[in-house]
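Dropping final-v1.cif in here (mmCIF, C-alpha atoms):
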data_target
loop_
_atom_site.label_atom_id
_atom_site.label_comp_id
_atom_site.auth_asym_id
_atom_site.auth_seq_id
_atom_site.Cartn_x
_atom_site.Cartn_y
_atom_site.Cartn_z
CA MET A 1 0.00 0.00 0.00
CA ASN A 2 2.87 2.40 0.82
CA LEU A 3 4.26 1.91 -2.70
CA LEU A 4 0.84 2.04 -4.35
CA LEU A 5 0.01 5.59 -3.21
CA PRO A 6 2.90 7.44 -4.93
CA ILE A 7 2.52 5.22 -8.02
CA LEU A 8 -1.14 6.26 -8.18
CA ALA A 9 0.01 9.88 -7.94
CA THR A 10 2.31 9.43 -10.95
CA LEU A 11 -0.55 7.81 -12.88
CA ILE A 12 -2.81 10.78 -12.11
CA TRP A 13 -0.15 13.26 -13.23
CA ALA A 14 0.36 11.27 -16.44
CA ALA A 15 -3.39 11.34 -17.04
CA SER A 16 -3.31 15.10 -16.43
CA THR A 17 -0.91 15.50 -19.37
CA VAL A 18 -3.34 13.55 -21.55
CA VAL A 19 -6.15 15.81 -20.31
CA ASN A 20 -4.10 18.78 -21.54
CA ARG A 21 -4.39 17.40 -25.07
CA MET A 22 -8.05 16.45 -24.65
CA ALA A 23 -8.85 20.01 -23.60
CA VAL A 24 -7.64 21.46 -26.92
CA GLY A 25 -10.61 23.01 -28.71
CA LEU A 26 -12.96 22.37 -25.79
CA ILE A 27 -11.85 25.15 -23.43
CA ASP A 28 -9.41 28.03 -23.56
CA PRO A 29 -6.05 27.26 -21.85
CA ALA A 30 -6.34 30.33 -19.60
CA ALA A 31 -9.82 29.25 -18.54
CA ILE A 32 -8.97 25.66 -17.61
CA SER A 33 -5.84 26.84 -15.77
CA PHE A 34 -7.95 29.15 -13.61
CA TYR A 35 -10.80 26.69 -13.06
CA ARG A 36 -8.37 23.93 -12.15
CA TRP A 37 -6.77 25.78 -9.27
CA LEU A 38 -10.05 27.33 -8.17
CA VAL A 39 -11.52 23.83 -7.79
CA ALA A 40 -8.43 22.68 -5.88
CA ALA A 41 -8.63 25.69 -3.55
CA VAL A 42 -12.31 25.11 -2.83
CA VAL A 43 -11.72 21.42 -2.07
CA ILE A 44 -8.70 21.99 0.19
CA THR A 45 -10.09 25.01 2.09
CA PRO A 46 -12.25 23.12 4.63
CA PHE A 47 -9.28 20.98 5.68
CA VAL A 48 -6.59 23.65 5.83
CA LEU A 49 -8.21 27.05 6.48
CA THR A 50 -8.15 26.83 10.27
CA LYS A 51 -4.50 25.72 10.30
CA ALA A 52 -3.62 28.54 7.90
CA TRP A 53 -5.39 31.09 10.09
CA ASN A 54 -3.47 29.89 13.14
CA VAL A 55 -0.15 30.59 11.42
CA ARG A 56 -1.26 33.74 9.60
CA ARG A 57 1.64 35.79 11.00
CA THR A 58 4.16 33.38 9.53
CA ILE A 59 2.26 33.42 6.24
CA ARG A 60 2.33 37.22 6.21
CA THR A 61 6.08 37.23 6.83
CA HIS A 62 6.77 34.88 3.91
CA LEU A 63 3.92 35.97 1.62
CA ALA A 64 6.20 37.34 -1.12
CA LYS A 65 8.03 34.02 -1.37
CA LEU A 66 4.77 32.04 -1.28
CA PHE A 67 3.43 34.28 -4.04
CA ALA A 68 6.52 33.65 -6.19
CA LEU A 69 6.17 29.90 -5.65
CA GLY A 70 2.48 30.06 -6.57
CA CYS A 71 3.35 31.87 -9.80
CA LEU A 72 6.03 29.35 -10.77
CA GLY A 73 4.54 26.05 -9.60
CA MET A 74 0.85 26.65 -10.16
CA SER A 75 0.02 29.39 -12.66
CA LEU A 76 3.04 29.48 -15.02
CA TYR A 77 3.94 25.78 -15.09
CA GLN A 78 0.49 24.46 -15.89
CA SER A 79 -0.61 27.34 -18.12
CA LEU A 80 2.39 26.80 -20.40
CA ALA A 81 1.52 23.10 -20.61
CA TYR A 82 -2.07 23.84 -21.65
CA PHE A 83 -0.93 26.21 -24.40
CA ALA A 84 1.77 23.79 -25.57
CA ALA A 85 -0.82 21.04 -25.94
CA TYR A 86 -2.13 22.74 -29.07
CA SER A 87 0.95 21.67 -31.04
CA VAL A 88 2.69 18.92 -29.03
CA THR A 89 1.50 15.35 -28.54
CA ALA A 90 0.85 14.10 -25.01
CA THR A 91 3.63 11.53 -25.44
CA SER A 92 6.19 14.22 -26.28
CA MET A 93 4.89 16.47 -23.50
CA GLY A 94 5.45 13.72 -20.94
CA LEU A 95 8.97 13.06 -22.19
CA ILE A 96 9.92 16.75 -22.19
CA LEU A 97 8.65 17.07 -18.62
CA ALA A 98 10.92 14.16 -17.74
CA THR A 99 13.86 16.57 -18.04
CA MET A 100 12.67 18.32 -14.88
CA PRO A 101 14.97 16.44 -12.46
CA MET A 102 18.05 17.32 -14.49
CA LEU A 103 16.96 20.96 -14.81
CA THR A 104 16.47 21.00 -11.04
CA VAL A 105 20.02 19.76 -10.50
CA LEU A 106 21.50 22.36 -12.87
CA LEU A 107 19.58 25.19 -11.19
CA ALA A 108 20.67 23.90 -7.79
CA ILE A 109 24.29 24.24 -8.86
CA ALA A 110 23.70 27.95 -9.46
CA LEU A 111 21.23 28.79 -6.69
CA LEU A 112 22.10 26.33 -3.92
CA ARG A 113 25.81 26.14 -4.71
CA ALA A 114 25.47 22.38 -4.99
CA ARG A 115 28.60 20.59 -6.12
CA PRO A 116 27.96 18.58 -9.28
CA THR A 117 29.56 15.17 -9.64
CA ALA A 118 30.92 13.85 -12.90
CA GLY A 119 27.94 11.48 -13.03
CA THR A 120 25.50 14.36 -12.59
CA LEU A 121 27.05 16.34 -15.44
CA ALA A 122 27.19 13.27 -17.68
CA GLY A 123 23.57 12.49 -16.87
CA ALA A 124 22.53 16.04 -17.73
CA LEU A 125 24.36 15.86 -21.05
CA ILE A 126 22.73 12.54 -21.96
CA SER A 127 19.28 13.81 -20.95
CA PHE A 128 19.57 16.93 -23.06
CA LEU A 129 20.86 14.91 -26.00
CA GLY A 130 17.70 12.84 -25.63
CA LEU A 131 15.61 16.00 -25.44
CA ALA A 132 17.23 17.34 -28.63
CA TRP A 133 16.58 14.01 -30.37
CA LEU A 134 12.95 14.06 -29.25
CA ILE A 135 12.27 17.68 -30.24
CA SER A 136 13.93 17.21 -33.63
CA THR A 137 11.99 13.96 -34.23
CA GLY A 138 15.28 12.20 -34.77
CA ASP A 139 16.78 14.80 -37.13
CA LEU A 140 19.28 16.91 -35.17
CA ALA A 141 20.34 18.79 -38.31
CA ALA A 142 16.76 20.03 -38.76
CA LEU A 143 16.75 21.30 -35.16
CA PHE A 144 19.83 23.42 -35.86
CA ARG A 145 18.35 24.69 -39.13
CA GLN A 146 14.80 25.45 -38.00
CA GLY A 147 15.09 25.81 -34.24
CA MET A 148 12.69 24.53 -31.59
CA GLY A 149 8.96 24.55 -32.22
CA LYS A 150 6.75 26.93 -30.22
CA GLY A 151 4.95 24.14 -28.39
CA GLU A 152 8.13 22.29 -27.49
CA PHE A 153 9.67 25.53 -26.26
CA MET A 154 6.66 26.20 -24.01
CA MET A 155 6.87 22.68 -22.57
CA LEU A 156 10.56 23.12 -21.87
CA MET A 157 9.81 26.45 -20.16
CA ALA A 158 7.08 24.72 -18.15
CA SER A 159 9.60 22.12 -17.01
CA LEU A 160 12.14 24.85 -16.21
CA SER A 161 9.51 26.78 -14.25
CA TYR A 162 8.74 23.82 -12.04
CA ALA A 163 12.41 22.96 -11.63
CA LEU A 164 13.02 26.51 -10.38
CA TYR A 165 10.03 26.08 -8.07
CA CYS A 166 11.56 22.94 -6.55
CA VAL A 167 14.93 24.61 -6.00
CA LEU A 168 13.37 27.69 -4.37
CA VAL A 169 11.28 25.48 -2.06
CA LYS A 170 14.52 23.88 -0.93
CA ARG A 171 16.43 27.17 -0.66
CA TRP A 172 13.79 29.15 1.23
CA GLN A 173 12.69 26.42 3.66
CA ILE A 174 9.51 28.34 4.59
CA PRO A 175 8.55 27.33 8.16
CA LEU A 176 4.97 26.27 7.42
CA PRO A 177 3.21 22.90 7.41
CA THR A 178 3.38 21.44 3.90
CA TRP A 179 -0.35 21.58 3.21
CA VAL A 180 -0.65 25.14 4.53
CA SER A 181 2.22 26.23 2.31
CA LEU A 182 0.68 24.53 -0.73
CA TYR A 183 -2.71 26.03 0.09
CA VAL A 184 -1.38 29.59 0.16
CA GLN A 185 0.58 28.96 -3.03
CA ILE A 186 -2.58 27.71 -4.73
CA LEU A 187 -4.49 30.82 -3.64
CA CYS A 188 -1.71 33.05 -4.97
CA GLY A 189 -1.47 31.11 -8.22
CA THR A 190 -5.23 31.30 -8.71
CA LEU A 191 -5.17 35.05 -8.12
CA VAL A 192 -2.47 35.49 -10.79
CA LEU A 193 -4.63 33.55 -13.26
CA VAL A 194 -7.64 35.87 -12.89
CA PRO A 195 -6.55 38.49 -15.50
CA PRO A 196 -5.84 35.96 -18.31
CA PHE A 197 -9.07 34.17 -17.39
CA LEU A 198 -11.05 37.40 -17.80
CA LEU A 199 -9.33 38.06 -21.13
CA ALA A 200 -9.95 34.56 -22.49
CA PRO A 201 -12.12 34.50 -25.64
CA SER A 202 -14.37 31.91 -24.04
CA ALA A 203 -14.48 30.59 -20.48
CA GLU A 204 -17.76 28.72 -20.68
CA LEU A 205 -18.07 25.39 -18.88
CA THR A 206 -19.84 22.75 -20.95
CA ASN A 207 -20.75 19.09 -20.66
CA ASP A 208 -17.67 18.30 -22.75
CA ASN A 209 -15.05 20.26 -20.83
CA LEU A 210 -16.40 20.10 -17.27
CA PRO A 211 -15.12 16.53 -16.64
CA LEU A 212 -11.63 17.65 -17.74
CA VAL A 213 -11.71 20.64 -15.38
CA LEU A 214 -12.90 18.49 -12.47
CA PHE A 215 -10.25 15.85 -13.08
CA ALA A 216 -7.51 18.49 -13.21
CA GLY A 217 -8.78 20.24 -10.08
CA LEU A 218 -9.85 17.31 -7.92
CA PHE A 219 -7.37 14.61 -8.83
CA ALA A 220 -4.24 16.20 -10.35
CA SER A 221 -4.18 19.29 -8.12
CA ALA A 222 -5.78 18.17 -4.84
CA MET A 223 -5.48 14.37 -4.51
CA ALA A 224 -2.16 13.51 -6.22
CA PRO A 225 0.02 15.84 -4.07
CA GLY A 226 -1.47 14.24 -0.95
CA LEU A 227 -0.72 10.74 -2.22
CA TRP A 228 2.80 11.79 -3.12
CA MET A 229 3.47 13.29 0.29
CA ARG A 230 2.20 10.12 1.96
CA GLY A 231 4.75 8.24 -0.11
CA LEU A 232 7.51 10.60 0.99
CA VAL A 233 6.65 9.92 4.62
CA SER A 234 6.31 6.14 4.35
CA LEU A 235 9.01 5.31 1.75
CA GLY A 236 11.46 8.15 2.12
CA ALA A 237 12.51 10.81 -0.36
CA GLU A 238 14.96 8.77 -2.43
CA LYS A 239 12.68 5.79 -3.13
CA THR A 240 9.65 7.99 -3.80
CA ALA A 241 11.55 10.33 -6.12
CA ALA A 242 12.64 7.41 -8.29
CA LEU A 243 8.97 6.65 -9.01
CA MET A 244 8.66 9.99 -10.84
CA ASN A 245 10.31 8.27 -13.82
CA LEU A 246 7.03 6.39 -14.28
CA VAL A 247 5.23 9.57 -15.40
CA PRO A 248 6.48 9.62 -19.03
CA LEU A 249 5.88 5.86 -19.32
CA PHE A 250 2.31 6.15 -18.04
CA THR A 251 1.75 9.23 -20.22
CA ALA A 252 2.77 7.36 -23.37
CA MET A 253 0.58 4.37 -22.47
CA LEU A 254 -2.47 6.56 -21.81
CA ALA A 255 -1.86 8.70 -24.90
CA ILE A 256 -1.70 5.63 -27.13
CA THR A 257 -4.79 4.09 -25.51
CA LEU A 258 -7.02 7.16 -25.11
CA LEU A 259 -5.83 9.51 -27.84
CA GLY A 260 -4.69 7.02 -30.46
CA GLU A 261 -1.21 8.54 -30.57
CA THR A 262 1.56 6.57 -32.26
CA LEU A 263 4.81 5.76 -30.50
CA HIS A 264 7.62 6.52 -32.95
CA LEU A 265 11.23 5.42 -32.85
CA TYR A 266 12.38 8.95 -31.96
CA HIS A 267 10.10 8.82 -28.89
CA ALA A 268 11.77 5.62 -27.74
CA VAL A 269 15.33 6.84 -28.45
CA GLY A 270 14.86 10.36 -27.07
CA GLY A 271 12.86 9.22 -24.07
CA GLY A 272 15.31 6.41 -23.35
CA LEU A 273 18.25 8.83 -23.35
CA ILE A 274 16.37 11.27 -21.09
CA LEU A 275 15.57 8.56 -18.55
CA LEU A 276 19.07 7.09 -18.77
CA GLY A 277 20.54 10.50 -17.99
CA ILE A 278 18.17 10.96 -15.06
CA ALA A 279 19.04 7.53 -13.67
CA LEU A 280 22.76 8.26 -13.96
CA GLY A 281 22.31 11.60 -12.24
CA GLN A 282 20.23 10.09 -9.43
CA MET A 283 22.88 7.50 -8.73
CA SER A 284 25.45 10.28 -8.38
CA ARG A 285 23.71 12.66 -5.98
CA ARG A 286 20.88 13.05 -3.53
CA ARG A 287 17.67 14.56 -4.83
CA VAL A 288 17.60 18.34 -4.50
CA ALA A 289 13.90 18.76 -3.82
CA ASP A 290 10.98 16.44 -3.26
CA SER A 291 8.09 18.82 -3.85
CA PRO A 292 5.17 17.16 -5.63
CA LEU A 293 4.18 17.99 -9.18
CA SER A 294 1.31 20.36 -9.53
#
Reformat the file's structure so that it appears as structure tokens.
Amino acid sequence: MNLLLPILATLIWAASTVVNRMAVGLIDPAAISFYRWLVAAVVITPFVLTKAWNVRRTIRTHLAKLFALGCLGMSLYQSLAYFAAYSVTATSMGLILATMPMLTVLLAIALLRARPTAGTLAGALISFLGLAWLISTGDLAALFRQGMGKGEFMMLMASLSYALYCVLVKRWQIPLPTWVSLYVQILCGTLVLVPPFLLAPSAELTNDNLPLVLFAGLFASAMAPGLWMRGLVSLGAEKTAALMNLVPLFTAMLAITLLGETLHLYHAVGGGLILLGIALGQMSRRRVADSPLS
């Protein structure tokens, strides 16, 4: 059971990436981003509000940092993914997001003054070679000639945004209970999403898009982080973190099954190199941050 909970969390996050693709044409990206976190905030409020009120002075002291984390981990990260879904397959999105651990390590070198090992640097190089192979669909020369596509660039920025979020969580060490900290971040992230929501061409909830919004808000944003944190407590950070490598695998399986996507050779080669680099890096250092995906 201890192992099942974080695995279920990775499955939910993989399904969330597939939902990003399913939402294309059914709801504006700015609208689903806002609704998602609004639903999560409403669901979490009854369980956390009293605790948050009791530590309101600490929240006030660290509000600027909590706001920055909410912008990075909630509003920016997921919004970029929803916009990228218009031009990137769910399979590729999952594999690009798999670069997040290596991006976290590289940012930690700069911001936390972490000392990289030879294995960490080699792992990063292999992962980014895999990313280049994936983005270029197996034609690296074309990538140098034409550059990165808009959707792929947004997914990479989404991954970078969350990697920076993880590093700042580690660096700032805000003295708040985990759920209270996440709750305030969600409120801040939701607030940031109000202007783009109001400017969205259409924000109407329909029978077609409402299930996607509810899944994103209830399961991916509210339930999965709780399952992940239970795994951190029962299994430990190192064992739980290793399970994150299941996300791109689950994403590809769900995308093929639910969306009819085709797994190409460049997916296998690029994804394999990304995961190989991550594995090499994880064997060479301790994980920088264990914050759950949003």
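For the choices A:Ile59, A:Ile174, A:Met154, A:Leu164, the atom-to-atom distance to A:Gln78 is smallest for A:Met154 when using all atoms listed in the file.
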Residues proximal to (-4.2, 19.4, -14.3) were defined as those with any atom within 8 Å of that point in the file's coordinates, counting all atoms listed in the file. Which are they, as a PDB file with C-alpha atoms, in the frame of the given file?
ATOM      1  CA  TRP A  13      -0.150  13.260 -13.230  1.00  0.00           C
ATOM      2  CA  SER A  16      -3.310  15.100 -16.430  1.00  0.00           C
ATOM      3  CA  THR A  17      -0.910  15.500 -19.370  1.00  0.00           C
ATOM      4  CA  VAL A  19      -6.150  15.810 -20.310  1.00  0.00           C
ATOM      5  CA  ASN A  20      -4.100  18.780 -21.540  1.00  0.00           C
ATOM      6  CA  SER A  33      -5.840  26.840 -15.770  1.00  0.00           C
ATOM      7  CA  ARG A  36      -8.370  23.930 -12.150  1.00  0.00           C
ATOM      8  CA  GLN A  78       0.490  24.460 -15.890  1.00  0.00           C
ATOM      9  CA  VAL A 213     -11.710  20.640 -15.380  1.00  0.00           C
ATOM     10  CA  PHE A 215     -10.250  15.850 -13.080  1.00  0.00           C
ATOM     11  CA  ALA A 216      -7.510  18.490 -13.210  1.00  0.00           C
ATOM     12  CA  GLY A 217      -8.780  20.240 -10.080  1.00  0.00           C
ATOM     13  CA  PHE A 219      -7.370  14.610  -8.830  1.00  0.00           C
ATOM     14  CA  ALA A 220      -4.240  16.200 -10.350  1.00  0.00           C
ATOM     15  CA  SER A 221      -4.180  19.290  -8.120  1.00  0.00           C
ATOM     16  CA  SER A 294       1.310  20.360  -9.530  1.00  0.00           C
TER      17      SER A 294
END
For this session: Taking the file above as input, evaluate the PyMOL selection byres ((chain A and resi 241-251) around 9) and report the hits as a ChimeraX atom specification.
Result: /A:6-7,10-18,90-98,232,236-240,252-256,271,275,278-279,282,287,290
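Those residues that approach A:Ala122 to within 8 Å, counting all atoms listed in the file, are Ala118, Ile126, Gly277, Leu280 and Gly281 of chain A; same-chain residues fewer than 4 positions away are not listed.
Minimum distance to A:Lys65 across A:Pro201, A:Leu214, A:Trp172, A:Gly260 (counting only C-alpha atoms) occurs at A:Trp172.
Counting all atoms listed in the file and comparing A:Ile109, A:Leu191, A:Ile135, A:Leu26, the residue that lies closest to A:Gly70 is A:Leu191.
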Problem set entry | Shell around stretch 265-267 of chain A at 10 Å using all atoms listed in the file, local window under 2 positions removed, as a ChimeraX atom specification | /A:91-92,95,130-131,133-139,252,262-263,269-273
Exercise. Applied to the shown file, which residues does the PyMOL selection byres ((chain A and resi 175) around 10) return, written as a PyMOL selection string?
Worked result: chain A and resi 55+58-59+62+172-174+176-178+181
Exercise. Just so the selection is clear, what residues does the PyMOL selection byres ((chain A and resi 29) around 6) cover here, as a list of chain:residue names?
Worked result: A:Asp28, A:Ala30, A:Ala31, A:Ile32, A:Tyr82, A:Phe83
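Take atom CA of A:Arg115 and atom CA of A:Leu129: the distance between them is 22.1 Å.
The space separating atom CA of A:Ala84 from atom CA of A:Leu276 comes to 25.0 Å.
For the residues A:Tyr162, A:Leu112, A:Ser75, A:Met155, ranking by smallest atom-to-atom distance to A:Pro195 using only C-alpha atoms places A:Ser75 first.
Considering the residues A:Val24, A:Leu4, A:Ala68, A:Ala52 and counting all atoms listed in the file, A:Cys188 has its shortest atom-to-atom contact with A:Ala68.
Distances here use only C-alpha atoms; by that measure, the residue among A:Ala81, A:Met157, A:Leu187, A:Ala124 closest to A:Trp37 is A:Leu187.
Put simply, atom CA of A:Ser127 is 24.9 Å away from atom CA of A:Met74.
Taking all atoms listed in the file into account, the polymer residues that have an atom no farther than 8 Å from (1.0, 28.8, -10.7) are Leu69, Gly70, Cys71, Leu72, Gly73, Met74, Ser75, Leu76, Tyr77, Gln78, Ser79, Gln185, Ile186, Cys188, Gly189, Thr190, Val192 and Leu193 of chain A.
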